[in-house]
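Only one structure is covered here, and it is reproduced in the block below.
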Amino acid sequence: MQAIQRRDEPSRGRATVLPFLLALAPLSALAGCAASSGAQQGAEARAPALGRSAGARPDPERLLADVSWLADDAREGRRAGTASGRAAGEWIAARLAALGLEPAGEAGFLQPFEVPLPVVDGGGSRLDVDGGALSARDGLAPLFCSDGGSAEGPLVWRRYGIVDEQRGLDDYASGRVDGRVVLLVRGAPPLAGEPDSGAEGDDTALVERSSGWGNSATLFTKVMNAKRRGAAAVLVAEHPSSEEGPMAFDTTRSAQAGIPALHLSAAAARRLVPEYDALVAAAEDPASVLLFPSRALVASVRATADVRRERGVATNVLARLPGRDPARTVVVGAHYDHLGHGGEGSLAPGAQGEVHNGADDNASGTAVVLELARLLVEAGVPPAGDVVFALWSGEELGLLGSEHWARHPTFPLERVAANLNLDMVGRAGDGALTVLGAGTAAPIAAWLDAAAPLAGLELSVNRSGQGVGGSDHQTFLKREIPAVHLFSGIHADYHRPSDDVERFEAEGAARVTELARALVASLQSEALEFVA
């Protein structure tokens, strides 16, 4: 599931109402999966209408084995577009083929598409001037928002690079900077009555030590201010009072400025511009004649940011179980990609480079789809409509896989009666499960009420027809196709390396599989009308 909380927010228990849930009732307390005998007998009597098979049952050991394979360190976090991500897709395709399902992709079971790869600092960033160069060992690194490439021009000074109409400050009041390389100091000038409000404390959000400047003093805003006024490249230097070296290149942030942008230590800035300390002192004294020097600080400087933003091939995996009526196709989907080695989307910024295995998110949903496919095949009876099993890639990058398929469907989209999405269903061991989107077709809520006791689950059902939740069911809702998302809740391991297989609750996932089997039969039992 896509990231749904800010990095500076504490993780919350799954019973907490999440920001993206609309009108969601609190999860009910449930000890185990107990149900009253009367309710259980009533549910059993309805079993044939719900599609409950008297044969094979969901197998917790199979589910555990599949999650163990997908969440093994050898999969390297299944990041979309990487070799390990594609290998996971090929393994899933082989599993579906072994069941005897028909391929429903573009290349057999696969549908390839391009995704952005994790941004990389290539280590070769530098500044070239007459008589020498500065490189990483001299205190220089690319900023998180930098594009790769080089730009050359005169070096000009623009103080803190702040444009703040409310406070009457415009560090570009002296004119545009077309074709120039702009040097700025990191932070913000002191505010009247706030003698300690100098350098920024946290560039990832608001300015902590200069809160009065707000976003106008953040790094990305500084770089974009310069770009909008024609800058060819931007250099942001540490304040002279700082002894910090260049910031480590941050792969957790996706903003792109579209020009080279470098961060310099104060020592590197002094080597580039010997009067740097005097310029900064003048920047904090509006009466100084050095406030906006008219001349270029250096006649020509070439800024090179060795930032690599490349693209890779990801694959959706699609298989079809033919049914009696293709016009009642249900797409049973789950994304199988996760965060790779962290970076953007990770809620453990100190764990960059560590494998994020994503056992719950979303090896669990992938395993349930595979187990459901096995059960429906082994039933030996064609379902009422086609069932398409769709394992998406690129969900963590913005629902890229399901969106690509919806724009380039491998069978007519008008055949799709409904979507059942399984994303994070690996923590239902206590029998509690949340269902999102139950109001997107009128009968769904009643079907859930009837199916829950059969599966040994107590459901917290969102009956609103509004699209909620950051997962692949949104792709279908925006096309006015009823969609239901099964979800066992957020937990402290979400988008962290600790989301690993030892915390997967296989018995709970088996119950979710049983619920999914009943829902597929119900979703194909009558024509559905989308409710917005």
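In the structure tokens, chains take letters A, B, ... by order of appearance, with residues numbered from 1 within each chain and ligands from 1 in the order shown.
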For Tyr172 in chain A, work out the shell of residues within 10 Å, counting only C-alpha atoms and skipping chain neighbours fewer than 5 positions away, then give it as an MDAnalysis selection string. chainID A and resid 157:163 177 225:226 229 292
Using C-alpha atoms, can you export the residues from the last selection as a compact mmCIF listing (two decimals), in the first residue's frame?
# COMPACT_ATOMS: atom_id res chain seq x y z
CA TRP A 157 24.93 35.90 -5.15
CA ARG A 158 21.30 36.07 -4.04
CA ARG A 159 21.48 35.94 -0.24
CA TYR A 160 19.09 33.35 1.19
CA GLY A 161 17.12 33.03 -2.04
CA ILE A 162 13.88 33.90 -0.25
CA VAL A 163 10.84 35.51 -1.84
CA VAL A 177 19.42 35.57 -13.17
CA ASN A 225 12.75 30.46 -6.84
CA ALA A 226 16.08 30.59 -8.65
CA ARG A 229 14.04 33.51 -12.51
CA PHE A 292 23.42 42.57 -3.68
So which bits of range 358-490 of chain A end up strand (DSSP E or B) when you DSSP the backbone, as an MDAnalysis selection string? chainID A and resid 385:392 416:422 432:436 441 458:461 483:487
Can you spit out the residues from that selection as a compact mmCIF listing (two decimals), in the first residue's frame, using N, CA and C atoms?
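result31.txt, freshly written:
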# COMPACT_ATOMS: atom_id res chain seq x y z
N GLY A 385 -18.78 -16.11 -13.92
CA GLY A 385 -18.13 -15.25 -14.89
C GLY A 385 -16.64 -15.49 -14.87
N ASP A 386 -15.94 -14.89 -15.83
CA ASP A 386 -14.49 -15.00 -15.82
C ASP A 386 -13.94 -14.41 -14.52
N VAL A 387 -12.87 -15.02 -14.02
CA VAL A 387 -12.12 -14.45 -12.91
C VAL A 387 -10.72 -14.17 -13.41
N VAL A 388 -10.32 -12.93 -13.35
CA VAL A 388 -8.96 -12.54 -13.75
C VAL A 388 -8.16 -12.27 -12.49
N PHE A 389 -7.04 -12.94 -12.37
CA PHE A 389 -6.14 -12.76 -11.24
C PHE A 389 -5.04 -11.80 -11.70
N ALA A 390 -4.99 -10.63 -11.05
CA ALA A 390 -4.09 -9.57 -11.47
C ALA A 390 -3.13 -9.25 -10.34
N LEU A 391 -1.86 -9.50 -10.55
CA LEU A 391 -0.82 -9.14 -9.58
C LEU A 391 -0.09 -7.94 -10.16
N TRP A 392 -0.32 -6.80 -9.52
CA TRP A 392 0.17 -5.53 -10.05
C TRP A 392 1.58 -5.23 -9.54
N VAL A 416 -15.59 -5.89 -17.12
CA VAL A 416 -15.28 -5.96 -15.69
C VAL A 416 -16.48 -5.52 -14.87
N ALA A 417 -17.04 -6.45 -14.12
CA ALA A 417 -18.18 -6.15 -13.27
C ALA A 417 -17.75 -5.57 -11.94
N ALA A 418 -16.59 -6.00 -11.44
CA ALA A 418 -16.14 -5.55 -10.12
C ALA A 418 -14.67 -5.90 -9.94
N ASN A 419 -14.07 -5.23 -8.97
CA ASN A 419 -12.69 -5.49 -8.55
C ASN A 419 -12.66 -5.84 -7.07
N LEU A 420 -11.93 -6.89 -6.75
CA LEU A 420 -11.67 -7.24 -5.34
C LEU A 420 -10.18 -7.06 -5.11
N ASN A 421 -9.82 -6.12 -4.24
CA ASN A 421 -8.43 -5.76 -4.00
C ASN A 421 -7.97 -6.26 -2.64
N LEU A 422 -6.85 -6.96 -2.61
CA LEU A 422 -6.29 -7.46 -1.36
C LEU A 422 -4.93 -6.81 -1.15
N ALA A 432 -10.19 -9.84 12.97
CA ALA A 432 -10.69 -8.51 12.64
C ALA A 432 -10.19 -8.09 11.26
N LEU A 433 -11.10 -7.59 10.43
CA LEU A 433 -10.74 -7.18 9.07
C LEU A 433 -11.56 -5.95 8.71
N THR A 434 -10.91 -5.00 8.03
CA THR A 434 -11.59 -3.82 7.53
C THR A 434 -11.91 -4.03 6.06
N VAL A 435 -13.09 -3.57 5.64
CA VAL A 435 -13.50 -3.63 4.24
C VAL A 435 -13.82 -2.22 3.78
N LEU A 436 -13.16 -1.77 2.75
CA LEU A 436 -13.35 -0.44 2.19
C LEU A 436 -14.12 -0.55 0.88
N ALA A 441 -21.47 -0.66 -4.70
CA ALA A 441 -22.61 -1.32 -5.35
C ALA A 441 -23.56 -1.74 -4.22
N GLU A 458 -14.79 -10.92 11.84
CA GLU A 458 -15.67 -9.82 12.22
C GLU A 458 -15.19 -8.60 11.46
N LEU A 459 -16.07 -8.01 10.69
CA LEU A 459 -15.70 -6.97 9.74
C LEU A 459 -16.05 -5.58 10.25
N SER A 460 -15.15 -4.65 9.97
CA SER A 460 -15.45 -3.22 10.11
C SER A 460 -15.64 -2.72 8.69
N VAL A 461 -16.88 -2.42 8.33
CA VAL A 461 -17.24 -2.18 6.93
C VAL A 461 -17.48 -0.70 6.68
N ALA A 483 -15.68 -1.60 -6.52
CA ALA A 483 -14.42 -2.16 -6.05
C ALA A 483 -14.44 -2.25 -4.53
N VAL A 484 -13.93 -3.35 -4.01
CA VAL A 484 -13.88 -3.62 -2.58
C VAL A 484 -12.43 -3.90 -2.20
N HIS A 485 -11.99 -3.30 -1.12
CA HIS A 485 -10.62 -3.48 -0.64
C HIS A 485 -10.66 -4.16 0.73
N LEU A 486 -10.04 -5.34 0.83
CA LEU A 486 -9.88 -6.04 2.10
C LEU A 486 -8.54 -5.65 2.70
N PHE A 487 -8.55 -5.37 4.03
CA PHE A 487 -7.41 -4.68 4.65
C PHE A 487 -7.39 -4.99 6.14
What's the 7 Å shell around range 57-71 of chain A, counting only C-alpha atoms, without same-chain residues fewer than 4 positions away, as a PyMOL selection string? chain A and resi 75+357-359+363-364+367-368+371+500-501+506-507+510+513-514
For the selection you just gave me, I'd like the residues written to a file as a PDB file, in the first residue's frame, keeping C-alpha atoms.
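See part-v2.pdb below for the written result:
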ATOM      1  CA  ARG A  75      13.863 -10.809  -3.268  1.00  0.00           C
ATOM      2  CA  ASN A 357      10.620  -7.121   2.650  1.00  0.00           C
ATOM      3  CA  GLY A 358       6.958  -6.104   2.764  1.00  0.00           C
ATOM      4  CA  ALA A 359       5.571  -9.350   4.181  1.00  0.00           C
ATOM      5  CA  ALA A 363       3.253 -10.388   0.009  1.00  0.00           C
ATOM      6  CA  SER A 364       0.180 -11.209   2.098  1.00  0.00           C
ATOM      7  CA  ALA A 367      -0.337 -15.043  -1.396  1.00  0.00           C
ATOM      8  CA  VAL A 368      -4.098 -14.824  -0.861  1.00  0.00           C
ATOM      9  CA  GLU A 371      -4.387 -19.423  -2.861  1.00  0.00           C
ATOM     10  CA  ASP A 500       8.856  -9.327   7.799  1.00  0.00           C
ATOM     11  CA  VAL A 501       7.565 -12.870   7.547  1.00  0.00           C
ATOM     12  CA  ALA A 506      -1.251 -17.285   8.240  1.00  0.00           C
ATOM     13  CA  GLU A 507      -4.438 -18.462   9.920  1.00  0.00           C
ATOM     14  CA  ALA A 510      -6.692 -18.202   5.357  1.00  0.00           C
ATOM     15  CA  THR A 513      -9.075 -16.160   1.474  1.00  0.00           C
ATOM     16  CA  GLU A 514     -12.377 -17.783   2.437  1.00  0.00           C
TER      17      GLU A 514
END
Just asking: which residues within range 72-299 of chain A are helix (DSSP H, G or I) according to DSSP, as number ranges by chain? A: 73-78, 83-98, 136-138, 211-217, 219-228, 266-272, 276-283
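If you measure from each of A:Tyr494, A:Phe109, A:Phe411, A:Phe220 to Gly345 in chain A using only C-alpha atoms, the closest one turns out to be A:Tyr494.
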Give me, as a PyMOL selection string, all polymer residues having an atom no more than 12 Å from Glu102 in chain A, counting only C-alpha atoms and skipping those fewer than 2 positions away in the same chain. chain A and resi 93-100+104-105+108-110+317-323+373+377+386-389
Residue neighbourhood Ala141 in chain A, 9 Å, only C-alpha atoms, exclusion window fewer than 2 positions, as a PyMOL selection string: chain A and resi 121+123-126+135-136+139+143+246-249+261-264+305-306
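When only C-alpha atoms are used to compute distances to Glu244 in chain A, the closest of the residues A:Leu140, A:Ile259, A:Leu457, A:Ala442 turns out to be A:Leu140.
Each of A:Trp91, A:Trp213, A:Phe476, A:Phe144 was compared to Val236 in chain A using only C-alpha atoms, and A:Phe144 turns out to be the nearest.
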Using only C-alpha atoms, which residues sit within 10 Å of Ala151 in chain A once same-chain residues fewer than 5 positions away are excluded, as a count of residues only? 16
When you look at Leu523 in chain A with a cut-off of 8 Å (counting only C-alpha atoms), what residues show up, excluding the ones that are within fewer than 2 positions of it in the same chain? I need them as a compact mmCIF listing (two decimals) with N, CA, C and O atoms, in the first residue's frame.
# COMPACT_ATOMS: atom_id res chain seq x y z
N VAL A 330 -14.77 -10.66 -12.81
CA VAL A 330 -14.27 -10.05 -11.58
C VAL A 330 -12.75 -10.07 -11.63
O VAL A 330 -12.15 -11.13 -11.86
N ALA A 417 -17.04 -6.45 -14.12
CA ALA A 417 -18.18 -6.15 -13.27
C ALA A 417 -17.75 -5.57 -11.94
O ALA A 417 -18.47 -4.76 -11.34
N ALA A 418 -16.59 -6.00 -11.44
CA ALA A 418 -16.14 -5.55 -10.12
C ALA A 418 -14.67 -5.90 -9.94
O ALA A 418 -14.11 -6.73 -10.65
N ILE A 444 -23.40 -5.17 -1.89
CA ILE A 444 -22.13 -5.68 -1.36
C ILE A 444 -22.16 -5.77 0.16
O ILE A 444 -21.68 -6.75 0.76
N LEU A 519 -16.93 -13.71 -1.77
CA LEU A 519 -17.22 -12.44 -2.43
C LEU A 519 -17.16 -12.56 -3.94
O LEU A 519 -17.97 -11.94 -4.66
N VAL A 520 -16.23 -13.33 -4.47
CA VAL A 520 -16.15 -13.51 -5.92
C VAL A 520 -17.45 -14.10 -6.45
O VAL A 520 -18.03 -13.63 -7.44
N ALA A 521 -17.94 -15.13 -5.77
CA ALA A 521 -19.20 -15.74 -6.20
C ALA A 521 -20.35 -14.73 -6.11
O ALA A 521 -21.19 -14.64 -7.01
N SER A 525 -23.02 -12.87 -9.04
CA SER A 525 -24.35 -13.45 -8.95
C SER A 525 -25.43 -12.58 -9.57
O SER A 525 -26.52 -13.07 -9.86
N GLU A 526 -25.16 -11.29 -9.76
CA GLU A 526 -26.13 -10.40 -10.38
C GLU A 526 -25.41 -9.20 -10.96
O GLU A 526 -24.26 -8.91 -10.62
N LEU A 528 -24.25 -5.55 -11.41
CA LEU A 528 -23.97 -4.54 -10.40
C LEU A 528 -24.01 -3.15 -11.02
O LEU A 528 -23.53 -2.94 -12.14
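Taking CA of Glu354 in chain A and CA of His341 in chain A as endpoints, the distance between them is 5.0 Å.
Of the residues listed (A:Leu370, A:Ala88, A:Val115, A:Ala518), A:Ala88 shows the shortest atom-to-atom separation from Asp72 in chain A; distances use only C-alpha atoms.
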